[in-house]
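Raw protein00.cif, mmCIF, C-alpha atoms:
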```cif
data_protein
#
loop_
_atom_site.group_PDB
_atom_site.id
_atom_site.type_symbol
_atom_site.label_atom_id
_atom_site.label_comp_id
_atom_site.auth_asym_id
_atom_site.auth_seq_id
_atom_site.Cartn_x
_atom_site.Cartn_y
_atom_site.Cartn_z
ATOM 1 C CA ALA A 1 94.276 88.699 119.741
ATOM 2 C CA MET A 2 93.726 91.422 117.155
ATOM 3 C CA THR A 3 91.687 90.250 114.180
ATOM 4 C CA SER A 4 90.527 93.525 112.628
ATOM 5 C CA CYS A 5 91.967 95.771 109.936
ATOM 6 C CA ARG A 6 93.465 98.876 111.537
ATOM 7 C CA ILE A 7 94.448 100.471 108.252
ATOM 8 C CA PRO A 8 92.431 103.628 107.449
ATOM 9 C CA ALA A 9 90.130 103.411 104.449
ATOM 10 C CA PRO A 10 91.110 105.345 101.306
ATOM 11 C CA PRO A 11 89.225 108.603 100.623
ATOM 12 C CA PRO A 12 85.525 108.007 99.936
ATOM 13 C CA ASP A 13 85.941 109.707 96.555
ATOM 14 C CA PHE A 14 88.835 107.414 95.561
ATOM 15 C CA VAL A 15 88.520 106.670 91.848
ATOM 16 C CA GLY A 16 90.333 104.618 89.250
ATOM 17 C CA ARG A 17 93.599 102.718 89.590
ATOM 18 C CA ALA A 18 91.851 99.509 88.475
ATOM 19 C CA ARG A 19 94.795 98.502 86.283
ATOM 20 C CA GLU A 20 97.321 99.145 89.050
ATOM 21 C CA LEU A 21 95.258 97.263 91.639
ATOM 22 C CA GLU A 22 94.917 94.286 89.301
ATOM 23 C CA GLU A 23 98.676 94.289 88.656
ATOM 24 C CA LEU A 24 99.520 94.536 92.376
ATOM 25 C CA GLN A 25 97.133 91.755 93.385
ATOM 26 C CA ALA A 26 98.439 89.493 90.622
ATOM 27 C CA ASN A 27 102.030 89.977 91.824
ATOM 28 C CA PHE A 28 101.425 90.104 95.573
ATOM 29 C CA ALA A 29 103.479 87.373 97.240
ATOM 30 C CA GLN A 30 105.690 88.720 100.016
ATOM 31 C CA GLY A 31 104.471 92.244 99.351
ATOM 32 C CA VAL A 32 104.722 95.306 97.123
ATOM 33 C CA CYS A 33 106.585 98.614 97.097
ATOM 34 C CA LEU A 34 104.815 101.702 95.730
ATOM 35 C CA THR A 35 106.729 104.820 94.776
ATOM 36 C CA GLY A 36 105.346 108.024 93.278
ATOM 37 C CA THR A 37 106.490 110.741 90.935
ATOM 38 C CA GLY A 38 105.932 113.700 93.245
ATOM 39 C CA ALA A 39 103.594 114.822 96.007
ATOM 40 C CA GLY A 40 99.889 114.128 95.871
ATOM 41 C CA ILE A 41 100.056 111.341 93.319
ATOM 42 C CA GLY A 42 97.940 109.096 95.562
ATOM 43 C CA VAL A 43 100.406 106.426 96.679
ATOM 44 C CA THR A 44 99.062 106.161 100.241
ATOM 45 C CA ALA A 45 95.453 106.083 99.047
ATOM 46 C CA LEU A 46 96.264 103.258 96.619
ATOM 47 C CA ALA A 47 98.157 101.359 99.310
ATOM 48 C CA ARG A 48 95.162 101.596 101.648
ATOM 49 C CA ARG A 49 92.734 100.479 98.942
ATOM 50 C CA LEU A 50 94.962 97.475 98.185
ATOM 51 C CA ALA A 51 95.263 96.647 101.897
ATOM 52 C CA HIS A 52 91.497 96.589 102.326
ATOM 53 C CA GLN A 53 91.126 94.365 99.261
ATOM 54 C CA LEU A 54 93.663 91.907 100.701
ATOM 55 C CA ALA A 55 92.617 92.095 104.366
ATOM 56 C CA HIS A 56 90.689 88.807 104.256
ATOM 57 C CA ARG A 57 93.972 86.991 103.592
ATOM 58 C CA PHE A 58 95.479 88.267 106.860
ATOM 59 C CA PRO A 59 93.122 87.250 109.695
ATOM 60 C CA ASP A 60 95.640 88.063 112.449
ATOM 61 C CA GLY A 61 95.544 91.763 111.646
ATOM 62 C CA CYS A 62 96.351 94.611 109.271
ATOM 63 C CA ILE A 63 98.416 97.476 110.674
ATOM 64 C CA GLU A 64 99.561 100.794 109.167
ATOM 65 C CA ILE A 65 102.781 102.387 110.436
ATOM 66 C CA GLY A 66 103.952 105.839 109.343
ATOM 67 C CA LEU A 67 107.744 105.824 108.958
ATOM 68 C CA ARG A 68 108.122 109.582 108.274
ATOM 69 C CA GLY A 69 110.828 109.040 105.682
ATOM 70 C CA ALA A 70 110.122 112.137 103.597
ATOM 71 C CA THR A 71 108.757 114.358 106.348
ATOM 72 C CA ALA A 72 111.596 114.234 108.860
ATOM 73 C CA ALA A 73 115.343 114.631 108.832
ATOM 74 C CA GLY A 74 117.198 111.346 108.549
ATOM 75 C CA ASP A 75 117.815 111.069 112.283
ATOM 76 C CA GLU A 76 114.143 111.758 113.025
ATOM 77 C CA ALA A 77 112.704 108.987 110.857
ATOM 78 C CA GLU A 78 111.119 106.181 112.845
ATOM 79 C CA VAL A 79 113.646 103.736 114.334
ATOM 80 C CA PRO A 80 113.111 100.052 113.401
ATOM 81 C CA VAL A 81 113.302 98.788 117.006
ATOM 82 C CA GLU A 82 110.486 101.135 118.067
ATOM 83 C CA ILE A 83 108.371 99.966 115.129
ATOM 84 C CA GLN A 84 108.964 96.347 116.107
ATOM 85 C CA ARG A 85 107.713 97.157 119.602
ATOM 86 C CA LEU A 86 104.670 98.958 118.217
ATOM 87 C CA VAL A 87 103.707 96.036 115.954
ATOM 88 C CA LEU A 88 104.140 93.425 118.693
ATOM 89 C CA LYS A 89 102.168 95.484 121.216
ATOM 90 C CA THR A 90 99.391 96.052 118.669
ATOM 91 C CA LEU A 91 99.141 92.317 118.071
ATOM 92 C CA ASP A 92 99.226 91.510 121.793
ATOM 93 C CA PRO A 93 98.887 94.474 124.197
ATOM 94 C CA THR A 94 99.511 92.235 127.252
ATOM 95 C CA ARG A 95 102.843 90.875 126.052
ATOM 96 C CA THR A 96 106.000 91.876 127.921
ATOM 97 C CA LEU A 97 108.707 92.709 125.409
ATOM 98 C CA PRO A 98 112.462 92.129 125.854
ATOM 99 C CA GLU A 99 114.729 95.153 126.275
ATOM 100 C CA ASP A 100 117.572 93.648 124.234
ATOM 101 C CA ALA A 101 117.330 94.675 120.566
ATOM 102 C CA GLY A 102 118.607 91.346 119.242
ATOM 103 C CA THR A 103 116.114 89.339 121.298
ATOM 104 C CA LEU A 104 113.320 91.702 120.260
ATOM 105 C CA ASP A 105 114.254 91.268 116.598
ATOM 106 C CA LYS A 106 114.048 87.463 116.899
ATOM 107 C CA LEU A 107 110.672 87.685 118.646
ATOM 108 C CA TYR A 108 109.368 90.062 115.958
ATOM 109 C CA ARG A 109 110.397 87.755 113.133
ATOM 110 C CA LYS A 110 109.124 84.632 114.895
ATOM 111 C CA THR A 111 105.750 86.221 115.686
ATOM 112 C CA LEU A 112 105.150 87.407 112.126
ATOM 113 C CA SER A 113 106.256 84.082 110.641
ATOM 114 C CA GLU A 114 103.677 82.260 112.803
ATOM 115 C CA LYS A 115 100.802 84.663 112.040
ATOM 116 C CA ALA A 116 99.128 86.082 108.950
ATOM 117 C CA VAL A 117 99.606 89.842 109.353
ATOM 118 C CA LEU A 118 99.596 92.593 106.729
ATOM 119 C CA LEU A 119 101.813 95.592 107.506
ATOM 120 C CA LEU A 120 101.504 98.864 105.598
ATOM 121 C CA PHE A 121 104.724 100.851 105.999
ATOM 122 C CA ASP A 122 103.897 104.350 104.761
ATOM 123 C CA ASP A 123 106.567 106.866 103.720
ATOM 124 C CA ALA A 124 109.648 104.685 104.208
ATOM 125 C CA ALA A 125 113.025 106.415 104.346
ATOM 126 C CA GLY A 126 114.695 103.648 102.345
ATOM 127 C CA ALA A 127 115.984 100.097 102.422
ATOM 128 C CA PRO A 128 118.076 100.410 105.637
ATOM 129 C CA GLN A 129 115.026 101.464 107.678
ATOM 130 C CA LEU A 130 113.008 98.519 106.358
ATOM 131 C CA ARG A 131 115.641 95.814 106.620
ATOM 132 C CA HIS A 132 114.548 94.661 110.089
ATOM 133 C CA LEU A 133 110.843 95.314 109.575
ATOM 134 C CA LEU A 134 109.747 93.305 106.548
ATOM 135 C CA PRO A 135 107.956 90.077 107.496
ATOM 136 C CA ARG A 136 108.471 86.618 106.021
ATOM 137 C CA LYS A 137 106.430 83.516 105.302
ATOM 138 C CA THR A 138 102.739 83.964 106.156
ATOM 139 C CA SER A 139 102.852 87.725 106.732
ATOM 140 C CA ALA A 140 103.442 90.415 104.108
ATOM 141 C CA ALA A 141 104.039 94.137 103.636
ATOM 142 C CA ILE A 142 102.870 97.044 101.511
ATOM 143 C CA VAL A 143 105.552 99.757 101.403
ATOM 144 C CA THR A 144 105.192 103.326 100.140
ATOM 145 C CA SER A 145 108.236 105.505 99.628
ATOM 146 C CA ARG A 146 109.603 108.439 97.694
ATOM 147 C CA VAL A 147 112.907 106.597 97.525
ATOM 148 C CA ALA A 148 113.403 104.014 94.788
ATOM 149 C CA MET A 149 114.250 100.570 96.193
ATOM 150 C CA PRO A 150 116.601 98.143 94.423
ATOM 151 C CA VAL A 151 114.640 96.159 91.820
ATOM 152 C CA GLY A 152 113.256 92.986 93.360
ATOM 153 C CA TRP A 153 114.525 94.007 96.791
ATOM 154 C CA GLU A 154 113.309 91.635 99.509
ATOM 155 C CA LYS A 155 110.896 90.112 96.971
ATOM 156 C CA LEU A 156 108.700 93.213 97.022
ATOM 157 C CA TYR A 157 106.947 93.788 93.702
ATOM 158 C CA PRO A 158 107.760 97.382 92.599
ATOM 159 C CA LEU A 159 105.313 99.821 91.047
ATOM 160 C CA GLU A 160 105.981 103.482 90.287
ATOM 161 C CA LEU A 161 102.757 105.456 90.282
ATOM 162 C CA ALA A 162 102.121 108.257 87.802
ATOM 163 C CA GLY A 163 99.071 110.494 87.418
ATOM 164 C CA LEU A 164 95.563 109.158 86.937
ATOM 165 C CA SER A 165 94.448 108.102 83.483
ATOM 166 C CA PRO A 166 92.631 110.921 81.629
ATOM 167 C CA GLU A 167 89.323 109.075 82.146
ATOM 168 C CA ASP A 168 89.885 108.591 85.867
ATOM 169 C CA ALA A 169 91.016 112.201 86.294
ATOM 170 C CA ARG A 170 87.806 113.388 84.617
ATOM 171 C CA SER A 171 85.797 111.034 86.833
ATOM 172 C CA LEU A 172 87.443 112.472 89.973
ATOM 173 C CA LEU A 173 86.813 116.047 88.820
ATOM 174 C CA ASN A 174 83.138 115.281 88.154
ATOM 175 C CA LYS A 175 82.786 113.506 91.488
ATOM 176 C CA LEU A 176 84.138 116.524 93.372
ATOM 177 C CA THR A 177 82.382 119.250 91.380
ATOM 178 C CA PRO A 178 78.672 120.127 91.741
ATOM 179 C CA ALA A 179 76.772 119.530 88.501
ATOM 180 C CA ARG A 180 76.004 123.239 88.038
ATOM 181 C CA LEU A 181 79.724 124.086 88.034
ATOM 182 C CA ARG A 182 80.970 121.313 85.777
ATOM 183 C CA VAL A 183 83.320 122.418 83.033
ATOM 184 C CA PRO A 184 82.698 121.281 79.412
ATOM 185 C CA ARG A 185 84.556 118.081 78.634
ATOM 186 C CA ARG A 186 87.162 119.503 76.260
ATOM 187 C CA ALA A 187 87.971 122.352 78.629
ATOM 188 C CA ALA A 188 88.111 119.900 81.547
ATOM 189 C CA ASP A 189 90.523 117.644 79.665
ATOM 190 C CA ARG A 190 92.806 120.624 78.965
ATOM 191 C CA MET A 191 92.746 121.615 82.656
ATOM 192 C CA LEU A 192 93.467 118.091 83.817
ATOM 193 C CA ALA A 193 96.360 117.720 81.381
ATOM 194 C CA ARG A 194 97.856 120.944 82.762
ATOM 195 C CA LEU A 195 97.703 119.347 86.214
ATOM 196 C CA LYS A 196 99.283 116.113 84.889
ATOM 197 C CA HIS A 197 96.206 114.248 86.150
ATOM 198 C CA ASN A 198 97.550 114.575 89.698
ATOM 199 C CA PRO A 199 94.709 113.753 92.130
ATOM 200 C CA LEU A 200 95.788 116.250 94.800
ATOM 201 C CA ALA A 201 96.135 119.073 92.270
ATOM 202 C CA ILE A 202 92.597 118.290 91.079
ATOM 203 C CA ARG A 203 91.323 118.488 94.674
ATOM 204 C CA ILE A 204 93.035 121.864 95.134
ATOM 205 C CA LEU A 205 91.481 123.183 91.906
ATOM 206 C CA VAL A 206 87.874 122.240 92.751
ATOM 207 C CA PRO A 207 87.308 124.961 95.421
ATOM 208 C CA CYS A 208 88.446 127.510 92.827
ATOM 209 C CA LEU A 209 85.735 126.259 90.484
ATOM 210 C CA ASN A 210 83.243 126.434 93.344
ATOM 211 C CA GLN A 211 84.133 130.104 93.814
ATOM 212 C CA GLY A 212 83.358 130.768 90.184
ATOM 213 C CA VAL A 213 86.842 131.820 89.086
ATOM 214 C CA ALA A 214 86.216 130.324 85.650
ATOM 215 C CA ALA A 215 83.460 132.861 85.078
ATOM 216 C CA TYR A 216 85.906 135.698 85.782
ATOM 217 C CA GLY A 217 88.569 134.527 83.398
ATOM 218 C CA LYS A 218 90.924 133.526 86.220
ATOM 219 C CA LEU A 219 91.061 129.821 85.477
ATOM 220 C CA GLU A 220 94.623 129.878 84.150
ATOM 221 C CA HIS A 221 95.741 131.525 87.383
ATOM 222 C CA ALA A 222 93.850 128.920 89.432
ATOM 223 C CA LEU A 223 95.468 126.112 87.453
ATOM 224 C CA ALA A 224 98.940 127.517 88.063
ATOM 225 C CA ASP A 225 98.209 127.947 91.773
ATOM 226 C CA SER A 226 96.873 124.392 92.034
ATOM 227 C CA TRP A 227 100.006 122.928 90.504
ATOM 228 C CA GLN A 228 102.386 125.124 92.507
ATOM 229 C CA SER A 229 100.588 124.212 95.742
ATOM 230 C CA THR A 230 100.968 120.523 94.897
ATOM 231 C CA GLU A 231 104.639 120.841 93.976
ATOM 232 C CA ALA A 232 105.383 122.717 97.205
ATOM 233 C CA LEU A 233 104.045 119.998 99.457
ATOM 234 C CA LYS A 234 106.609 118.140 101.546
ATOM 235 C CA GLY A 235 104.249 115.832 103.446
ATOM 236 C CA PRO A 236 103.451 112.121 102.958
ATOM 237 C CA GLN A 237 102.178 111.103 99.552
#
```

Kindly return the structure encoded in the file as structure tokens.
Amino acid sequence: AMTSCRIPAPPPDFVGRARELEELQANFAQGVCLTGTGAGIGVTALARRLAHQLAHRFPDGCIEIGLRGATAAGDEAEVPVEIQRLVLKTLDPTRTLPEDAGTLDKLYRKTLSEKAVLLLFDDAAGAPQLRHLLPRKTSAAIVTSRVAMPVGWEKLYPLELAGLSPEDARSLLNKLTPARLRVPRRAADRMLARLKHNPLAIRILVPCLNQGVAAYGKLEHALADSWQSTEALKGPQ
């Protein structure tokens, strides 16, 4: 039987989100649903951090499944029956699974109701894709999506993620930037506000600082490029 956490760790330079993590843990019963206001806001990283904090409550396993909701056309998003097979095979690689979808669905629900498993469904296409995937009873789910779910849907606690707090954004910038290249605090705060405290935009900006663009008066251009690069992204959050 699988007893380990198979959910990737968040980035080693993950910072902040203490308030959000406290709120999610306090309201975590059957699970939570995280949505974000645009690319790069850090929804997947937060979901992974939360999963690792909760892993001890799910001794039968923690599994992450990418549902490709935002990265594929509707007919290319992951099909629930294939996800059910993947989860059951991960929990017990030796198990022979039924071919019939209805029988498989019953086995999936029965297995998860008898075990304590945490499922992280990343980049969900929407409620229809999740309807046959969310566990009950002793198992739970963390869902990330760019699609807003109905409030209180399937007893998932909803949280819409915005940018980092100004303090956390400054902390991330300092963590990523060598001391010799650090920007004065007031200038840094202006830069970070321009980037709406978006963690991915901050990561894109840092190499520009490393190349010394600030010294050549090109910082405004670098800021604009950082934000445009973030806005153009179509991949998972």

Determine the residue set returned by the PyMOL selection byres ((chain A and resi 156) around 9) for the present structure, and present it as a list of chain:residue names.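 On this input, the PyMOL selection byres ((chain A and resi 156) around 9) captures A:Phe28, A:Ala29, A:Gln30, A:Gly31, A:Val32, A:Cys33, A:Ala141, A:Ile142, A:Val143, A:Val151, A:Gly152, A:Trp153, A:Glu154, A:Lys155, A:Tyr157, A:Pro158.
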
Select from region 97-204 of chain A every residue with an atom at most 10 Å from any atom of region 35-42 of chain A, then for each give the shortest pair of atoms and their distance in Å to one decimal, using all atoms listed in the file, rows by chain and rising number, as JSON lines.
```
{"residue": "A:Asp123", "atom": "CA", "partner": "A:Thr35", "partner_atom": "CA", "distance": 9.2}
{"residue": "A:Ala124", "atom": "CA", "partner": "A:Thr35", "partner_atom": "CA", "distance": 9.9}
{"residue": "A:Val143", "atom": "CA", "partner": "A:Thr35", "partner_atom": "CA", "distance": 8.4}
{"residue": "A:Thr144", "atom": "CA", "partner": "A:Thr35", "partner_atom": "CA", "distance": 5.8}
{"residue": "A:Ser145", "atom": "CA", "partner": "A:Thr35", "partner_atom": "CA", "distance": 5.1}
{"residue": "A:Arg146", "atom": "CA", "partner": "A:Thr35", "partner_atom": "CA", "distance": 5.5}
{"residue": "A:Val147", "atom": "CA", "partner": "A:Thr35", "partner_atom": "CA", "distance": 7.0}
{"residue": "A:Ala148", "atom": "CA", "partner": "A:Thr35", "partner_atom": "CA", "distance": 6.7}
{"residue": "A:Met149", "atom": "CA", "partner": "A:Thr35", "partner_atom": "CA", "distance": 8.8}
{"residue": "A:Pro158", "atom": "CA", "partner": "A:Thr35", "partner_atom": "CA", "distance": 7.8}
{"residue": "A:Leu159", "atom": "CA", "partner": "A:Thr35", "partner_atom": "CA", "distance": 6.4}
{"residue": "A:Glu160", "atom": "CA", "partner": "A:Thr35", "partner_atom": "CA", "distance": 4.7}
{"residue": "A:Leu161", "atom": "CA", "partner": "A:Gly36", "partner_atom": "CA", "distance": 4.7}
{"residue": "A:Ala162", "atom": "CA", "partner": "A:Thr37", "partner_atom": "CA", "distance": 5.9}
{"residue": "A:Gly163", "atom": "CA", "partner": "A:Ile41", "partner_atom": "CA", "distance": 6.0}
{"residue": "A:Leu164", "atom": "CA", "partner": "A:Ile41", "partner_atom": "CA", "distance": 8.1}
{"residue": "A:Lys196", "atom": "CA", "partner": "A:Ile41", "partner_atom": "CA", "distance": 9.7}
{"residue": "A:His197", "atom": "CA", "partner": "A:Ile41", "partner_atom": "CA", "distance": 8.6}
{"residue": "A:Asn198", "atom": "CA", "partner": "A:Ile41", "partner_atom": "CA", "distance": 5.5}
{"residue": "A:Pro199", "atom": "CA", "partner": "A:Ile41", "partner_atom": "CA", "distance": 6.0}
{"residue": "A:Leu200", "atom": "CA", "partner": "A:Gly40", "partner_atom": "CA", "distance": 4.7}
{"residue": "A:Ala201", "atom": "CA", "partner": "A:Gly40", "partner_atom": "CA", "distance": 7.2}
{"residue": "A:Ile202", "atom": "CA", "partner": "A:Gly40", "partner_atom": "CA", "distance": 9.7}
{"residue": "A:Arg203", "atom": "CA", "partner": "A:Gly40", "partner_atom": "CA", "distance": 9.7}
```

Could you write out as JSON, numbers by chain the residues that the PyMOL selection byres ((chain A and resi 88) around 12) matches in the shown file?
{"A": [1, 2, 60, 61, 63, 81, 82, 83, 84, 85, 86, 87, 89, 90, 91, 92, 93, 94, 95, 96, 97, 98, 104, 105, 106, 107, 108, 109, 110, 111, 112, 115, 117, 119, 133]}

Residues from the last selection, C-alpha atoms, saved as a PDB file, in the coordinates of the input:
```pdb
ATOM      1  CA  ALA A   1      94.276  88.699 119.741  1.00  0.00           C
ATOM      2  CA  MET A   2      93.726  91.422 117.155  1.00  0.00           C
ATOM      3  CA  ASP A  60      95.640  88.063 112.449  1.00  0.00           C
ATOM      4  CA  GLY A  61      95.544  91.763 111.646  1.00  0.00           C
ATOM      5  CA  ILE A  63      98.416  97.476 110.674  1.00  0.00           C
ATOM      6  CA  VAL A  81     113.302  98.788 117.006  1.00  0.00           C
ATOM      7  CA  GLU A  82     110.486 101.135 118.067  1.00  0.00           C
ATOM      8  CA  ILE A  83     108.371  99.966 115.129  1.00  0.00           C
ATOM      9  CA  GLN A  84     108.964  96.347 116.107  1.00  0.00           C
ATOM     10  CA  ARG A  85     107.713  97.157 119.602  1.00  0.00           C
ATOM     11  CA  LEU A  86     104.670  98.958 118.217  1.00  0.00           C
ATOM     12  CA  VAL A  87     103.707  96.036 115.954  1.00  0.00           C
ATOM     13  CA  LYS A  89     102.168  95.484 121.216  1.00  0.00           C
ATOM     14  CA  THR A  90      99.391  96.052 118.669  1.00  0.00           C
ATOM     15  CA  LEU A  91      99.141  92.317 118.071  1.00  0.00           C
ATOM     16  CA  ASP A  92      99.226  91.510 121.793  1.00  0.00           C
ATOM     17  CA  PRO A  93      98.887  94.474 124.197  1.00  0.00           C
ATOM     18  CA  THR A  94      99.511  92.235 127.252  1.00  0.00           C
ATOM     19  CA  ARG A  95     102.843  90.875 126.052  1.00  0.00           C
ATOM     20  CA  THR A  96     106.000  91.876 127.921  1.00  0.00           C
ATOM     21  CA  LEU A  97     108.707  92.709 125.409  1.00  0.00           C
ATOM     22  CA  PRO A  98     112.462  92.129 125.854  1.00  0.00           C
ATOM     23  CA  LEU A 104     113.320  91.702 120.260  1.00  0.00           C
ATOM     24  CA  ASP A 105     114.254  91.268 116.598  1.00  0.00           C
ATOM     25  CA  LYS A 106     114.048  87.463 116.899  1.00  0.00           C
ATOM     26  CA  LEU A 107     110.672  87.685 118.646  1.00  0.00           C
ATOM     27  CA  TYR A 108     109.368  90.062 115.958  1.00  0.00           C
ATOM     28  CA  ARG A 109     110.397  87.755 113.133  1.00  0.00           C
ATOM     29  CA  LYS A 110     109.124  84.632 114.895  1.00  0.00           C
ATOM     30  CA  THR A 111     105.750  86.221 115.686  1.00  0.00           C
ATOM     31  CA  LEU A 112     105.150  87.407 112.126  1.00  0.00           C
ATOM     32  CA  LYS A 115     100.802  84.663 112.040  1.00  0.00           C
ATOM     33  CA  VAL A 117      99.606  89.842 109.353  1.00  0.00           C
ATOM     34  CA  LEU A 119     101.813  95.592 107.506  1.00  0.00           C
ATOM     35  CA  LEU A 133     110.843  95.314 109.575  1.00  0.00           C
TER      36      LEU A 133
END
```

Among A:Arg68, A:His132, A:Lys137, A:Arg180, Leu118 (chain A) is approached most closely, using only C-alpha atoms, by A:Lys137

Kindly give the distance, in Å, that separates CA of Cys5 (chain A) and CA of Glu22 (chain A), rounded to a single decimal.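 For CA of Cys5 (chain A) relative to CA of Glu22 (chain A), the distance reads 20.9 Å.
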
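Put simply, CA of Leu134 (chain A) is 22.8 Å away from CA of Pro10 (chain A).
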
For the point (100.9, 101.7, 108.1) in the file's frame, write as a ChimeraX atom specification all residues with an atom no more than 6 Å away, counting all atoms listed in the file. /A:63-66,120-122

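Taking CA of Asn27 (chain A) and CA of Pro59 (chain A) as endpoints, the distance between them is 20.2 Å.
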
Practice item. Please provide as a PyMOL selection string all residues within 9 Å of Arg17 (chain A), with the sequence filter that same-chain residues fewer than 6 positions apart are discarded (counting all atoms listed in the file). Key: chain A and resi 46+164-165+168

Next item on the list: Report as a list in words the residues that result from applying the PyMOL selection byres ((chain A and resi 48) around 7) to the structure here.
Entry: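 Expected selection for the PyMOL selection byres ((chain A and resi 48) around 7) here is Ile7, Pro8, Ala9, Pro10, Thr44, Ala45, Leu46, Ala47, Arg49, Leu50, Ala51 and His52 of chain A.
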
Let's have the selection written as a tab-separated table (two decimals), in the frame of the given file, with C-alpha atoms.
```tsv
chain	number	residue	atom	x	y	z
A	7	ILE	CA	94.45	100.47	108.25
A	8	PRO	CA	92.43	103.63	107.45
A	9	ALA	CA	90.13	103.41	104.45
A	10	PRO	CA	91.11	105.34	101.31
A	44	THR	CA	99.06	106.16	100.24
A	45	ALA	CA	95.45	106.08	99.05
A	46	LEU	CA	96.26	103.26	96.62
A	47	ALA	CA	98.16	101.36	99.31
A	49	ARG	CA	92.73	100.48	98.94
A	50	LEU	CA	94.96	97.48	98.18
A	51	ALA	CA	95.26	96.65	101.90
A	52	HIS	CA	91.50	96.59	102.33
```

Add whatever atoms are absent from region 108-113 of chain A to reach all heavy atoms, and provide the output as a PDB file, in the coordinates of the input.
```pdb
ATOM      1  N   TYR A 108     110.138  89.410 117.025  1.00  0.00           N
ATOM      2  CA  TYR A 108     109.368  90.062 115.958  1.00  0.00           C
ATOM      3  C   TYR A 108     109.254  89.138 114.747  1.00  0.00           C
ATOM      4  O   TYR A 108     108.155  88.898 114.222  1.00  0.00           O
ATOM      5  CB  TYR A 108     110.062  91.379 115.584  1.00  0.00           C
ATOM      6  CG  TYR A 108     109.436  92.160 114.454  1.00  0.00           C
ATOM      7  CD1 TYR A 108     108.364  93.014 114.674  1.00  0.00           C
ATOM      8  CD2 TYR A 108     109.952  92.082 113.152  1.00  0.00           C
ATOM      9  CE1 TYR A 108     107.803  93.757 113.633  1.00  0.00           C
ATOM     10  CE2 TYR A 108     109.406  92.817 112.112  1.00  0.00           C
ATOM     11  CZ  TYR A 108     108.337  93.653 112.362  1.00  0.00           C
ATOM     12  OH  TYR A 108     107.791  94.385 111.331  1.00  0.00           O
ATOM     13  N   ARG A 109     110.399  88.620 114.317  1.00  0.00           N
ATOM     14  CA  ARG A 109     110.397  87.755 113.133  1.00  0.00           C
ATOM     15  C   ARG A 109     109.635  86.461 113.391  1.00  0.00           C
ATOM     16  O   ARG A 109     108.893  85.984 112.523  1.00  0.00           O
ATOM     17  CB  ARG A 109     111.833  87.464 112.700  1.00  0.00           C
ATOM     18  CG  ARG A 109     112.556  88.713 112.222  1.00  0.00           C
ATOM     19  CD  ARG A 109     113.939  88.426 111.669  1.00  0.00           C
ATOM     20  NE  ARG A 109     114.584  89.661 111.253  1.00  0.00           N
ATOM     21  CZ  ARG A 109     114.334  90.281 110.104  1.00  0.00           C
ATOM     22  NH1 ARG A 109     113.440  89.782 109.278  1.00  0.00           N
ATOM     23  NH2 ARG A 109     114.961  91.398 109.778  1.00  0.00           N
ATOM     24  N   LYS A 110     109.810  85.882 114.562  1.00  0.00           N
ATOM     25  CA  LYS A 110     109.124  84.632 114.895  1.00  0.00           C
ATOM     26  C   LYS A 110     107.610  84.836 114.938  1.00  0.00           C
ATOM     27  O   LYS A 110     106.839  84.038 114.388  1.00  0.00           O
ATOM     28  CB  LYS A 110     109.630  84.110 116.245  1.00  0.00           C
ATOM     29  CG  LYS A 110     109.004  82.797 116.698  1.00  0.00           C
ATOM     30  CD  LYS A 110     109.661  82.311 117.994  1.00  0.00           C
ATOM     31  CE  LYS A 110     109.127  80.937 118.415  1.00  0.00           C
ATOM     32  NZ  LYS A 110     107.711  80.985 118.822  1.00  0.00           N
ATOM     33  N   THR A 111     107.186  85.947 115.568  1.00  0.00           N
ATOM     34  CA  THR A 111     105.750  86.221 115.686  1.00  0.00           C
ATOM     35  C   THR A 111     105.101  86.377 114.318  1.00  0.00           C
ATOM     36  O   THR A 111     104.048  85.787 114.042  1.00  0.00           O
ATOM     37  CB  THR A 111     105.522  87.506 116.514  1.00  0.00           C
ATOM     38  OG1 THR A 111     106.087  87.332 117.816  1.00  0.00           O
ATOM     39  CG2 THR A 111     104.042  87.804 116.648  1.00  0.00           C
ATOM     40  N   LEU A 112     105.739  87.158 113.442  1.00  0.00           N
ATOM     41  CA  LEU A 112     105.150  87.407 112.126  1.00  0.00           C
ATOM     42  C   LEU A 112     105.204  86.175 111.227  1.00  0.00           C
ATOM     43  O   LEU A 112     104.368  86.027 110.328  1.00  0.00           O
ATOM     44  CB  LEU A 112     105.841  88.594 111.454  1.00  0.00           C
ATOM     45  CG  LEU A 112     105.577  89.952 112.112  1.00  0.00           C
ATOM     46  CD1 LEU A 112     106.339  91.049 111.388  1.00  0.00           C
ATOM     47  CD2 LEU A 112     104.094  90.282 112.136  1.00  0.00           C
ATOM     48  N   SER A 113     106.181  85.299 111.459  1.00  0.00           N
ATOM     49  CA  SER A 113     106.256  84.082 110.641  1.00  0.00           C
ATOM     50  C   SER A 113     105.228  83.045 111.078  1.00  0.00           C
ATOM     51  O   SER A 113     104.930  82.101 110.346  1.00  0.00           O
ATOM     52  CB  SER A 113     107.666  83.479 110.713  1.00  0.00           C
ATOM     53  OG  SER A 113     107.930  82.976 112.011  1.00  0.00           O
TER      54      SER A 113
END
```
